[in-house]
Amino acid sequence: MAGVRGDQRPRSRYGPTLLAAVIERANAAGMAVVARGGGMSYTLGFTPSRPSTVLLDMRRMNRIREINRDDMYVIAEAGCTWEQLYHELGEQGVRTPYYGPLSGRYATVGGALSQNSLFWGSGVHSTVADCVLGLEVVLAGGRVVRTGSWGRPSTNAFLRHNGPDLSGIFTGDTGAMGVKAAAAIRLVPAPAVSLGASFAVPSFEAAIEAMKEISPLGIVSELYELDPFYHGVLARAGLTFLADHDWTVHFGVDAPDEAIGQAQLDYCKRICAKYGEEIDPVTVSVFKNDPFGAVQSILLGPDGGLWLPIHAFLPWSKAQAARQAVERFFERHASTMEAHGIKTSVLSVGSGKDFVFEPSFYWFDQLGDFWLERISPEAATEWKEIPADEETRSVVLELRRQLAKTFDGVGCCHIQVGKYYEYEPMLEPETWSIVKAFKAAVDPQGLVNPGSLGLGS
């Protein structure tokens, strides 16, 4: 089935021309602009850092402009959610290689590109930035640029590296370099079969060793570990058997037919059997059947309340050192967390050949309007009565700050840098000077998301 050709692309009412006009007028008046997608970031990426800022809600700029089955790419506007994109592409038997974060019910294409997020499909295809072919970006002052072969008037968006990789400048920037209007993303055939397996292992150490062997093979679409905290959450959601295990490893295989998928799955199962015991794979099936359905049960915490994660992106050679550092950190601060009713969890994921480690803090506190609108009226009434706990919030923020320093000491990297992770100290001076030069070239007055990546304020 042939896709829509470039000259037939439907234009959104809320397209780049209108977006460019808004940014041009705001910047001409000396006002900063900050783009906001689904609001799923926890690193202040879309939080204005100065007065006189225009916050651009991108969610109505959500058209899928083109699905090109011949050249295997899709052009989606920045406000399109991953859930919307996944279902519309599925109707045509295709999907993007990475196909969204767990929060994809709300998270948008533009937000994920700014944060460089991962999860669904990341076992093989790593992060969203690795799947991009080209971007349409509105720069400061309203200039509109396209990258990759999409930036050539004589062809379409089929190729990323049309000379220097300009797309890379605008991915993972948390909006510092420009406002993403649309993205061209590679397509792959939707898998004919999706299979999964789960193993109970005796420790986090064993889980990491099992994942370390499986991840470099590049054949599991998702690879993740769950700890006792997550087991308790999922047991209350109906997966009661998980409460019988402390640590588990889960992986899924997407394949063009049953024989290939089963062979790949069996190979990974033989590896994992060295570290633990195979258990019911229903956990993998539940998540795969509704890939964006866990957003409320996971992000809202097990019993309601607030949730604050932190992450580290590491090579597998440093995974165990990071585990040991986090375990020691939790032990040192156990009495403080107990006094404030703060609980923790650890989730780790295999992303391509890399290891991603995400501890989280949970506590009871006042819910914001976003979540109050998404729970039952009866529950919302109860939660509105809970006062803000400023003291515990302060403790959690300080714990997260110290844990970030702990990760930096292990030699980690970060995606979703935003205005939280300190970007300049991560880089050599010469590298930082190039980042600043890029910023000056595309945003000379520092009016596009000032403060992101530590550029301006």
# chains A, B, ... in the order shown; residues from 1 in each chain; ligands from 1
>>> residues_around(residues="Leu195 in chain A", least_positions_apart="3", cutoff="12 Å", atoms="only C-alpha atoms", output="NGL selection string")
:A and (191-192 or 198 or 219-222 or 250-266 or 268-269 or 281-289)
>>> closest_atom_pairs(of="range 349-450 of chain A", to="range 334-342 of chain A", cutoff="8 Å", atoms="only C-alpha atoms", output="Markdown table")
| residue | atom | partner | partner_atom | distance |
| --- | --- | --- | --- | --- |
| A:Phe361 | CA | A:Ile342 | CA | 6.5 |
| A:Tyr362 | CA | A:Ile342 | CA | 5.6 |
| A:Trp363 | CA | A:Ile342 | CA | 5.0 |
| A:Phe364 | CA | A:Gly341 | CA | 7.8 |
| A:Thr392 | CA | A:His340 | CA | 6.1 |
| A:Val396 | CA | A:Ile342 | CA | 7.9 |
>>> select_by_dssp(residues="range 126-304 of chain A", states="strand (DSSP E or B)", output="JSON, numbers by chain")
{"A": [132, 133, 134, 135, 136, 137, 138, 144, 145, 146, 179, 180, 181, 182, 183, 184, 185, 186, 188, 189, 193, 194, 195, 196, 197, 198, 199, 200, 201, 222, 223, 224, 225, 226, 247, 248, 249, 250, 251, 252, 253, 254, 255, 277, 278, 279, 302, 304]}
>>> closest_atom_pairs(of="range 177-210 of chain A", to="range 439-443 of chain A", cutoff="12 Å", atoms="only C-alpha atoms", output="tab-separated table")
residue	atom	partner	partner_atom	distance
A:Met177	CA	A:Lys439	CA	6.0
A:Gly178	CA	A:Val442	CA	7.4
A:Val179	CA	A:Val442	CA	10.9
>>> closest_atom_pairs(of="range 373-430 of chain A", to="range 95-117 of chain A", cutoff="12 Å", atoms="only C-alpha atoms", output="JSON lines")
{"residue": "A:Arg374", "atom": "CA", "partner": "A:Tyr106", "partner_atom": "CA", "distance": 11.8}
{"residue": "A:His414", "atom": "CA", "partner": "A:Asn116", "partner_atom": "CA", "distance": 9.7}
{"residue": "A:Ile415", "atom": "CA", "partner": "A:Asn116", "partner_atom": "CA", "distance": 6.0}
{"residue": "A:Gln416", "atom": "CA", "partner": "A:Gln115", "partner_atom": "CA", "distance": 4.1}
{"residue": "A:Val417", "atom": "CA", "partner": "A:Gln115", "partner_atom": "CA", "distance": 7.1}
{"residue": "A:Gly418", "atom": "CA", "partner": "A:Gln115", "partner_atom": "CA", "distance": 7.7}
{"residue": "A:Lys419", "atom": "CA", "partner": "A:Gln115", "partner_atom": "CA", "distance": 11.4}
>>> atom_distance(atom1="CA of Val346 in chain A", atom2="CA of Gly38 in chain A")
24.0 Å
>>> atom_distance(atom1="CA of Phe119 in chain A", atom2="CA of Met40 in chain A")
14.2 Å
>>> residues_around(residues="Ser149 in chain A", least_positions_apart="2", cutoff="7 Å", atoms="only C-alpha atoms", output="list of chain:residue names")
A:Thr147, A:Gly151, A:Arg152, A:Thr155, A:Asn156, A:Ala157, A:Phe158, A:Leu159, A:Arg160, A:Asn162
>>> atom_distance(atom1="CA of Pro309 in chain A", atom2="CA of Tyr42 in chain A")
7.6 Å
>>> closest_atom_pairs(of="range 176-276 of chain A", to="range 62-65 of chain A", cutoff="10 Å", atoms="only C-alpha atoms", output="tab-separated table")
residue	atom	partner	partner_atom	distance
A:Ala181	CA	A:Asn62	CA	9.5
A:Ala182	CA	A:Asn62	CA	8.9
A:Ala183	CA	A:Ile64	CA	9.7
A:Ala184	CA	A:Arg65	CA	9.7
>>> write_last_selection(atoms="all heavy atoms", output="short mmCIF file (atom, residue, chain, number, x, y, z; two decimals), in the first residue's frame")
data_model
loop_
_atom_site.label_atom_id
_atom_site.label_comp_id
_atom_site.auth_asym_id
_atom_site.auth_seq_id
_atom_site.Cartn_x
_atom_site.Cartn_y
_atom_site.Cartn_z
N ALA A 181 8.24 21.42 15.69
CA ALA A 181 6.89 21.47 15.13
C ALA A 181 6.44 20.10 14.65
O ALA A 181 5.26 19.75 14.77
CB ALA A 181 6.83 22.47 13.98
N ALA A 182 7.36 19.32 14.08
CA ALA A 182 7.01 18.00 13.56
C ALA A 182 8.28 17.17 13.44
O ALA A 182 9.40 17.71 13.46
CB ALA A 182 6.32 18.11 12.21
N ALA A 183 8.10 15.86 13.31
CA ALA A 183 9.24 14.96 13.18
C ALA A 183 8.96 13.90 12.13
O ALA A 183 7.83 13.41 12.01
CB ALA A 183 9.54 14.28 14.52
N ALA A 184 9.97 13.57 11.37
CA ALA A 184 9.94 12.42 10.48
C ALA A 184 10.65 11.28 11.18
O ALA A 184 11.82 11.41 11.56
CB ALA A 184 10.62 12.74 9.15
#
>>> closest_residue(among="A:Glu398, A:Asp227, A:Glu385, A:Glu209", to="Trp316 in chain A", atoms="only C-alpha atoms")
A:Glu209
